[in-house]
Every structure is written in C-alpha cells, then in structure tokens.
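One structure is given here, and the rest of the page talks about it.
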Amino acid sequence: MIEVDGLRHSYGEFEAVRGISLRIQRGELFALLGTNGAGKTTTIEVLEGLQPATSGRVRVLGLDPVRNRNSLRPRTGVMLQHGGFTGALTVRETVEIWRSLTVRPQTAAEVLELVDLGDRKNGGEGRRLELALAVLGRPEVLFLDEPTTRMDPASRRRTWDVVRELQKGGTTVLLTTHYLEEAEILADRVAIMRGGSIVATGTPEDVVGTLPARISFRLSATDVLPDLPHAARLVEDDRVTYDSRQLQTDLTRLLEWANAATSGWQPCRPDRPPWRMSSWTSPPTMT
C-alpha cells in the first residue's frame, strides 16, 4: 500500500529526512515513533503529497503522491498535526461543508457517531472533529499525524478505539506519535526515527526489547547500590545511571530497593509506569 525507497527531503541546507525506506502492507497499522524534530511529520507530508521528495521514490496505492494527487486524494484520509479550524462554524456545519467536497462520503450522523461527537453537533473537541473529516470519505489509506496530541485521556482512548475499528474494516493506517504507549497499543509494526533516519523497525515488542532504556538518578551514598540483572551500571560522583534492556523488570527491582531503603517511599503508581505516559527520546531516559 505504501512504498518508500531512499526518501530524502531538505529545507534549504537542512536535511529533515535522510534516505529512509519502508514498506506498509494492506490493512496494517504502522507507526512512525520519535520525538519532535525526528522527521516524522516531513515524512508523512511527502506521502500525503503535500511536499515533494527531494530525492528517492515514494508510492501510495501504486501512485506518485504529487504527480497523481487528483487520483490518489479521494482514496486517502489525512489528519494533520495542526488542523487550523477557527471555530467560526459548528461541528455539523464543518462536516457538511467537508461532505460537499468529498467523494462517496458518509453521512454527517454516521461520522459524528463514529468519533463520539454525535451529541455535540454544535460544539466539541477539535482533534476528534479533524479525525471525523479524515475518515469521512471511507479512505483506503489513512494518515494520522500525532492524532491524540492535546487530547484528554478519555478522548485518547476513544480515538484508539476508532482507529482499531477502521483497521478492522480494512483501512491501512500510517500513524506518527511520540507516545510509546500509543505505538505499543495500536501498531502492528513501528519504525523509530531519530535525526531524519530510521534507527529501528519491527513489532513494538521487538523494537522495545532491542533498545536500551536509561534510568538515572542522584544519590549521596553510592556504596549500597543494587545489582540489576539486565543493566549495566555507571557511577559518576553522585549520579547513578543504569542502562537496561529489560526496563520493566529492572525498574521494578530498583523501586523495591528504594522502597526498602527509605521505609515506604512510593515514587510512582505501579499500575501506571511513568515511561509509558511521557514524551521520550531513543533510548528513553528516566530521571
């Protein structure tokens, strides 16, 4: 469904995407994962046909996104990182205008119900409205650029449900995100981008398992540190750093050690590990 070979894109002298290649199969949900500035948005804008590639070959549904834009656009859905709605129109008015510009659209009621805005025809969350417009034309390929940014937790979970339903219906989804949890929950495969390049690709389990996490903290007395089974330890003055390849196991043991040493200290909720809910770098850094 999507083929990328040696894609490069530059803004003047700055090269934002540096020769990446990937394949996305029919019905797959593929996530581009990385921090801001990694090159995710530039990559997806080239695939959407919003920017030409500086070099390399890109095909979506077998078509060039720029040269064949008129043929390709009715078959794809796009949710940009910033939609730019002014709020001058109601939710229903916005959907109806978009329907008039869409080939074979769903009804306004259908798409509003899908994104859980059925009871908010005169108001509602902007990001979910943008998702509604992206799926209005029943796209074969759906591009979602950081779709849950600025969403509250309930809206984020509902968006995940919508994306799963679309994928079950046969839609191929390319998602960009900087939330590790989002990629783990949704994606069949992920590619981690850093500095315009892909540094790892595979299933979420494979990728997370091969990239080390870094746990770092300050401690005045460093002569009583625990040995973690899957981590290398480095001590520099009062800064202690563990590089771990099994973060959950090692972090759990480290927290148990800290709890015993401080008679009941509870640094985080055990049911909500902090590394899953915050932005992260590759490798992740815990401080």
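Residue numbering restarts at 1 in every chain; chains get A, B, ... in the order shown in the structure tokens, and ligands count up from 1 in that same order.
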Q: Write out as a VMD selection string which residues come within 10 Å of region 111-116 of chain A when counting only C-alpha atoms, dropping same-chain ones fewer than 6 positions away.
A: chain A and resid 91 to 92 95 105 124 to 125 127 to 138 155 158 to 159 161 to 163 165 to 166
Q.
I want to know what sits within 12 Å of Ile198 (chain A), based on only C-alpha atoms, with residues of the same chain fewer than 5 positions away left out; could you give that as an MDAnalysis selection string?
A. chainID A and resid 6:8 16:22 31:34 38:40 43 190:193 207 282
Q: Using only C-alpha atoms, determine which residues lie at most 12 Å from Val60 (chain A), disregarding the query and same-chain residues fewer than 6 positions distant; provide the list as a ChimeraX atom specification.
A: /A:1-5,22-26,44,46-49,66-69,71-73,75-76,140-143,172-174
**Q.** Residue neighbourhood Leu144 (chain A), 6 Å, only C-alpha atoms, exclusion window fewer than 2 positions, as a PyMOL selection string
**A.** chain A and resi 79+147+175
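Once Leu247 (chain A) and its same-chain neighbours fewer than 3 positions away are set aside, Gly209, Pro212, Ala213, Arg214, Ile215, His230, Ala231, Asp243, Ser244, Asp250, Leu251 and Thr252 of chain A remain within 9 Å of it when counting only C-alpha atoms.
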DSSP-assigned alpha helix (DSSP H) among region 16-87 of chain A, expressed as a PDB file with all heavy atoms, in the first residue's frame:
```
ATOM      1  N   LYS A  40       9.306  12.829  11.427  1.00  0.00           N
ATOM      2  CA  LYS A  40       8.058  12.105  11.220  1.00  0.00           C
ATOM      3  C   LYS A  40       7.076  12.894  10.350  1.00  0.00           C
ATOM      4  O   LYS A  40       6.513  12.372   9.391  1.00  0.00           O
ATOM      5  CB  LYS A  40       7.385  11.776  12.565  1.00  0.00           C
ATOM      6  CG  LYS A  40       8.251  11.077  13.571  1.00  0.00           C
ATOM      7  CD  LYS A  40       7.483  10.683  14.812  1.00  0.00           C
ATOM      8  CE  LYS A  40       6.767  11.835  15.508  1.00  0.00           C
ATOM      9  NZ  LYS A  40       7.711  12.875  16.004  1.00  0.00           N
ATOM     10  N   THR A  41       6.832  14.158  10.730  1.00  0.00           N
ATOM     11  CA  THR A  41       5.840  14.966  10.012  1.00  0.00           C
ATOM     12  C   THR A  41       6.279  15.220   8.582  1.00  0.00           C
ATOM     13  O   THR A  41       5.452  15.148   7.653  1.00  0.00           O
ATOM     14  CB  THR A  41       5.597  16.290  10.755  1.00  0.00           C
ATOM     15  OG1 THR A  41       4.951  16.011  12.008  1.00  0.00           O
ATOM     16  CG2 THR A  41       4.704  17.218   9.934  1.00  0.00           C
ATOM     17  N   THR A  42       7.550  15.496   8.357  1.00  0.00           N
ATOM     18  CA  THR A  42       8.025  15.697   6.989  1.00  0.00           C
ATOM     19  C   THR A  42       7.793  14.445   6.157  1.00  0.00           C
ATOM     20  O   THR A  42       7.337  14.516   5.008  1.00  0.00           O
ATOM     21  CB  THR A  42       9.519  16.070   6.988  1.00  0.00           C
ATOM     22  OG1 THR A  42       9.691  17.297   7.693  1.00  0.00           O
ATOM     23  CG2 THR A  42      10.026  16.233   5.570  1.00  0.00           C
ATOM     24  N   THR A  43       8.083  13.281   6.724  1.00  0.00           N
ATOM     25  CA  THR A  43       7.870  12.021   6.008  1.00  0.00           C
ATOM     26  C   THR A  43       6.420  11.840   5.621  1.00  0.00           C
ATOM     27  O   THR A  43       6.096  11.531   4.462  1.00  0.00           O
ATOM     28  CB  THR A  43       8.326  10.834   6.875  1.00  0.00           C
ATOM     29  OG1 THR A  43       9.734  10.952   7.148  1.00  0.00           O
ATOM     30  CG2 THR A  43       8.053   9.516   6.190  1.00  0.00           C
ATOM     31  N   ILE A  44       5.517  12.070   6.563  1.00  0.00           N
ATOM     32  CA  ILE A  44       4.113  11.835   6.278  1.00  0.00           C
ATOM     33  C   ILE A  44       3.562  12.888   5.313  1.00  0.00           C
ATOM     34  O   ILE A  44       2.694  12.601   4.487  1.00  0.00           O
ATOM     35  CB  ILE A  44       3.295  11.763   7.593  1.00  0.00           C
ATOM     36  CG1 ILE A  44       2.016  10.961   7.392  1.00  0.00           C
ATOM     37  CG2 ILE A  44       2.974  13.138   8.148  1.00  0.00           C
ATOM     38  CD1 ILE A  44       1.274  10.642   8.677  1.00  0.00           C
ATOM     39  N   GLU A  45       4.084  14.111   5.345  1.00  0.00           N
ATOM     40  CA  GLU A  45       3.646  15.144   4.399  1.00  0.00           C
ATOM     41  C   GLU A  45       4.069  14.799   2.973  1.00  0.00           C
ATOM     42  O   GLU A  45       3.338  15.082   2.019  1.00  0.00           O
ATOM     43  CB  GLU A  45       4.199  16.505   4.811  1.00  0.00           C
ATOM     44  CG  GLU A  45       3.486  17.101   6.021  1.00  0.00           C
ATOM     45  CD  GLU A  45       4.025  18.459   6.426  1.00  0.00           C
ATOM     46  OE1 GLU A  45       5.084  18.866   5.887  1.00  0.00           O
ATOM     47  OE2 GLU A  45       3.390  19.116   7.278  1.00  0.00           O
ATOM     48  N   VAL A  46       5.235  14.193   2.802  1.00  0.00           N
ATOM     49  CA  VAL A  46       5.641  13.731   1.475  1.00  0.00           C
ATOM     50  C   VAL A  46       4.715  12.629   0.993  1.00  0.00           C
ATOM     51  O   VAL A  46       4.282  12.614  -0.166  1.00  0.00           O
ATOM     52  CB  VAL A  46       7.108  13.260   1.496  1.00  0.00           C
ATOM     53  CG1 VAL A  46       7.481  12.590   0.167  1.00  0.00           C
ATOM     54  CG2 VAL A  46       8.054  14.427   1.766  1.00  0.00           C
ATOM     55  N   LEU A  47       4.370  11.690   1.870  1.00  0.00           N
ATOM     56  CA  LEU A  47       3.471  10.596   1.498  1.00  0.00           C
ATOM     57  C   LEU A  47       2.069  11.099   1.179  1.00  0.00           C
ATOM     58  O   LEU A  47       1.373  10.527   0.341  1.00  0.00           O
ATOM     59  CB  LEU A  47       3.413   9.569   2.621  1.00  0.00           C
ATOM     60  CG  LEU A  47       4.711   8.793   2.867  1.00  0.00           C
ATOM     61  CD1 LEU A  47       4.591   7.939   4.123  1.00  0.00           C
ATOM     62  CD2 LEU A  47       5.052   7.932   1.675  1.00  0.00           C
ATOM     63  N   GLU A  48       1.653  12.158   1.837  1.00  0.00           N
ATOM     64  CA  GLU A  48       0.340  12.745   1.579  1.00  0.00           C
ATOM     65  C   GLU A  48       0.320  13.580   0.301  1.00  0.00           C
ATOM     66  O   GLU A  48      -0.756  13.962  -0.164  1.00  0.00           O
ATOM     67  CB  GLU A  48      -0.068  13.638   2.757  1.00  0.00           C
ATOM     68  CG  GLU A  48      -0.340  12.872   4.041  1.00  0.00           C
ATOM     69  CD  GLU A  48      -0.349  13.783   5.263  1.00  0.00           C
ATOM     70  OE1 GLU A  48       0.042  14.966   5.151  1.00  0.00           O
ATOM     71  OE2 GLU A  48      -0.743  13.303   6.348  1.00  0.00           O
ATOM     72  N   ARG A  69      -1.859  13.252  -7.621  1.00  0.00           N
ATOM     73  CA  ARG A  69      -2.623  13.712  -6.457  1.00  0.00           C
ATOM     74  C   ARG A  69      -4.126  13.668  -6.710  1.00  0.00           C
ATOM     75  O   ARG A  69      -4.897  13.266  -5.832  1.00  0.00           O
ATOM     76  CB  ARG A  69      -2.192  15.124  -6.065  1.00  0.00           C
ATOM     77  CG  ARG A  69      -2.919  15.647  -4.828  1.00  0.00           C
ATOM     78  CD  ARG A  69      -2.292  16.914  -4.298  1.00  0.00           C
ATOM     79  NE  ARG A  69      -3.053  17.481  -3.213  1.00  0.00           N
ATOM     80  CZ  ARG A  69      -3.069  17.020  -1.964  1.00  0.00           C
ATOM     81  NH1 ARG A  69      -2.338  15.978  -1.651  1.00  0.00           N
ATOM     82  NH2 ARG A  69      -3.789  17.598  -1.023  1.00  0.00           N
ATOM     83  N   ASN A  70      -4.587  14.071  -7.879  1.00  0.00           N
ATOM     84  CA  ASN A  70      -6.029  14.112  -8.155  1.00  0.00           C
ATOM     85  C   ASN A  70      -6.646  12.716  -8.103  1.00  0.00           C
ATOM     86  O   ASN A  70      -7.802  12.556  -7.680  1.00  0.00           O
ATOM     87  CB  ASN A  70      -6.295  14.753  -9.513  1.00  0.00           C
ATOM     88  CG  ASN A  70      -6.013  16.236  -9.516  1.00  0.00           C
ATOM     89  OD1 ASN A  70      -5.950  16.874  -8.462  1.00  0.00           O
ATOM     90  ND2 ASN A  70      -5.824  16.813 -10.699  1.00  0.00           N
ATOM     91  N   SER A  71      -5.911  11.714  -8.539  1.00  0.00           N
ATOM     92  CA  SER A  71      -6.419  10.339  -8.498  1.00  0.00           C
ATOM     93  C   SER A  71      -6.304   9.729  -7.112  1.00  0.00           C
ATOM     94  O   SER A  71      -7.149   8.930  -6.696  1.00  0.00           O
ATOM     95  CB  SER A  71      -5.642   9.460  -9.502  1.00  0.00           C
ATOM     96  OG  SER A  71      -5.795   9.933 -10.820  1.00  0.00           O
ATOM     97  N   LEU A  72      -5.256  10.113  -6.388  1.00  0.00           N
ATOM     98  CA  LEU A  72      -4.981   9.498  -5.099  1.00  0.00           C
ATOM     99  C   LEU A  72      -5.781  10.112  -3.958  1.00  0.00           C
ATOM    100  O   LEU A  72      -6.233   9.391  -3.050  1.00  0.00           O
ATOM    101  CB  LEU A  72      -3.487   9.615  -4.801  1.00  0.00           C
ATOM    102  CG  LEU A  72      -2.950   8.909  -3.547  1.00  0.00           C
ATOM    103  CD1 LEU A  72      -3.210   7.410  -3.630  1.00  0.00           C
ATOM    104  CD2 LEU A  72      -1.466   9.190  -3.385  1.00  0.00           C
TER     105      LEU A  72
END
```
**Q.** Residues near Thr241 (chain A), cut-off 10 Å, only C-alpha atoms, skip fewer than 3 positions along chain, as a VMD selection string
**A.** chain A and resid 214 to 218 231 to 236 238 244 285 to 287
Q: Tell me, in Å to one decimal, how far CA of Leu219 (chain A) is from CA of Val240 (chain A).
A: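 Value for the CA of Leu219 (chain A)-CA of Val240 (chain A) distance: 7.0 Å.
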Q) What is the distance, in Å and to one decimal place, between CA of Trp98 (chain A) and CA of Lys168 (chain A)? A) 24.6 Å
Q) Interatomic distance between CA of Ser10 (chain A) and CA of Gly37 (chain A)? A)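 Computing the Euclidean distance for CA of Ser10 (chain A) and CA of Gly37 (chain A) yields 13.1 Å.
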Q: Select, from A:Arg194, A:Arg156, A:Arg245, A:Arg104, the residue with the minimum atom-to-atom distance to Thr210 (chain A), counting only C-alpha atoms.
A: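 Closest candidate: A:Arg245.
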Q: Could you pull out the residues in region 39-117 of chain A that DSSP calls strand (DSSP E) from the backbone, as number ranges by chain?
A: A: 55-60, 76-79
Take the residues that were just selected and, keeping all heavy atoms, output them as an mmCIF file, in the first residue's frame.
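Result file is selection.cif:
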```
data_model
loop_
_atom_site.group_PDB
_atom_site.id
_atom_site.type_symbol
_atom_site.label_atom_id
_atom_site.label_comp_id
_atom_site.auth_asym_id
_atom_site.auth_seq_id
_atom_site.Cartn_x
_atom_site.Cartn_y
_atom_site.Cartn_z
ATOM 1 N N SER A 55 14.662 13.688 -3.054
ATOM 2 C CA SER A 55 15.142 12.555 -3.848
ATOM 3 C C SER A 55 14.544 11.285 -3.272
ATOM 4 O O SER A 55 13.981 11.271 -2.180
ATOM 5 C CB SER A 55 16.673 12.487 -3.846
ATOM 6 O OG SER A 55 17.161 12.233 -2.547
ATOM 7 N N GLY A 56 14.644 10.198 -4.036
ATOM 8 C CA GLY A 56 14.063 8.938 -3.613
ATOM 9 C C GLY A 56 12.745 8.672 -4.320
ATOM 10 O O GLY A 56 12.252 9.491 -5.108
ATOM 11 N N ARG A 57 12.163 7.535 -4.028
ATOM 12 C CA ARG A 57 10.925 7.096 -4.675
ATOM 13 C C ARG A 57 9.857 6.844 -3.625
ATOM 14 O O ARG A 57 10.099 6.167 -2.633
ATOM 15 C CB ARG A 57 11.177 5.815 -5.477
ATOM 16 C CG ARG A 57 9.946 5.266 -6.201
ATOM 17 C CD ARG A 57 10.326 4.014 -6.989
ATOM 18 N NE ARG A 57 9.198 3.447 -7.703
ATOM 19 C CZ ARG A 57 8.327 2.581 -7.178
ATOM 20 N NH1 ARG A 57 8.467 2.198 -5.904
ATOM 21 N NH2 ARG A 57 7.321 2.107 -7.893
ATOM 22 N N VAL A 58 8.653 7.390 -3.865
ATOM 23 C CA VAL A 58 7.525 7.225 -2.945
ATOM 24 C C VAL A 58 6.295 6.816 -3.750
ATOM 25 O O VAL A 58 5.986 7.435 -4.775
ATOM 26 C CB VAL A 58 7.233 8.535 -2.181
ATOM 27 C CG1 VAL A 58 5.968 8.393 -1.346
ATOM 28 C CG2 VAL A 58 8.408 8.913 -1.301
ATOM 29 N N ARG A 59 5.591 5.791 -3.272
ATOM 30 C CA ARG A 59 4.349 5.363 -3.910
ATOM 31 C C ARG A 59 3.308 5.064 -2.833
ATOM 32 O O ARG A 59 3.607 4.396 -1.841
ATOM 33 C CB ARG A 59 4.551 4.125 -4.784
ATOM 34 C CG ARG A 59 5.429 4.355 -6.012
ATOM 35 C CD ARG A 59 4.740 5.256 -7.023
ATOM 36 N NE ARG A 59 5.534 5.444 -8.234
ATOM 37 C CZ ARG A 59 6.416 6.414 -8.410
ATOM 38 N NH1 ARG A 59 6.645 7.288 -7.414
ATOM 39 N NH2 ARG A 59 7.097 6.525 -9.525
ATOM 40 N N VAL A 60 2.082 5.549 -3.055
ATOM 41 C CA VAL A 60 0.942 5.239 -2.200
ATOM 42 C C VAL A 60 -0.135 4.658 -3.095
ATOM 43 O O VAL A 60 -0.526 5.300 -4.086
ATOM 44 C CB VAL A 60 0.427 6.498 -1.467
ATOM 45 C CG1 VAL A 60 -0.810 6.153 -0.632
ATOM 46 C CG2 VAL A 60 1.515 7.104 -0.597
ATOM 47 N N THR A 76 -7.612 8.535 0.046
ATOM 48 C CA THR A 76 -6.851 8.659 1.283
ATOM 49 C C THR A 76 -7.533 9.626 2.245
ATOM 50 O O THR A 76 -8.294 10.500 1.836
ATOM 51 C CB THR A 76 -5.418 9.159 1.008
ATOM 52 O OG1 THR A 76 -5.474 10.453 0.414
ATOM 53 C CG2 THR A 76 -4.669 8.206 0.091
ATOM 54 N N GLY A 77 -7.237 9.450 3.517
ATOM 55 C CA GLY A 77 -7.691 10.384 4.544
ATOM 56 C C GLY A 77 -6.494 10.966 5.263
ATOM 57 O O GLY A 77 -5.504 10.264 5.470
ATOM 58 N N VAL A 78 -6.567 12.230 5.627
ATOM 59 C CA VAL A 78 -5.436 12.928 6.214
ATOM 60 C C VAL A 78 -5.880 13.675 7.461
ATOM 61 O O VAL A 78 -6.838 14.452 7.426
ATOM 62 C CB VAL A 78 -4.812 13.924 5.212
ATOM 63 C CG1 VAL A 78 -3.725 14.743 5.891
ATOM 64 C CG2 VAL A 78 -4.275 13.200 3.983
ATOM 65 N N MET A 79 -5.187 13.433 8.566
ATOM 66 C CA MET A 79 -5.364 14.210 9.782
ATOM 67 C C MET A 79 -4.031 14.871 10.089
ATOM 68 O O MET A 79 -3.066 14.210 10.481
ATOM 69 C CB MET A 79 -5.798 13.324 10.949
ATOM 70 C CG MET A 79 -6.084 14.085 12.239
ATOM 71 S SD MET A 79 -6.645 12.957 13.539
ATOM 72 C CE MET A 79 -6.834 14.075 14.919
#
```
Q) Out of A:Glu205, A:Asp227, A:Gly83, A:Pro65, which residue has the shortest atom-to-atom distance to Gln51 (chain A) when counting only C-alpha atoms? A)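 With only C-alpha atoms as the atom set, the closest residue is A:Pro65.
Of the listed residues A:Met151, A:Ala261, A:Leu29, A:Ala109, the one whose atoms come nearest to Ala221 (chain A) is A:Ala261, with distances taken using only C-alpha atoms.
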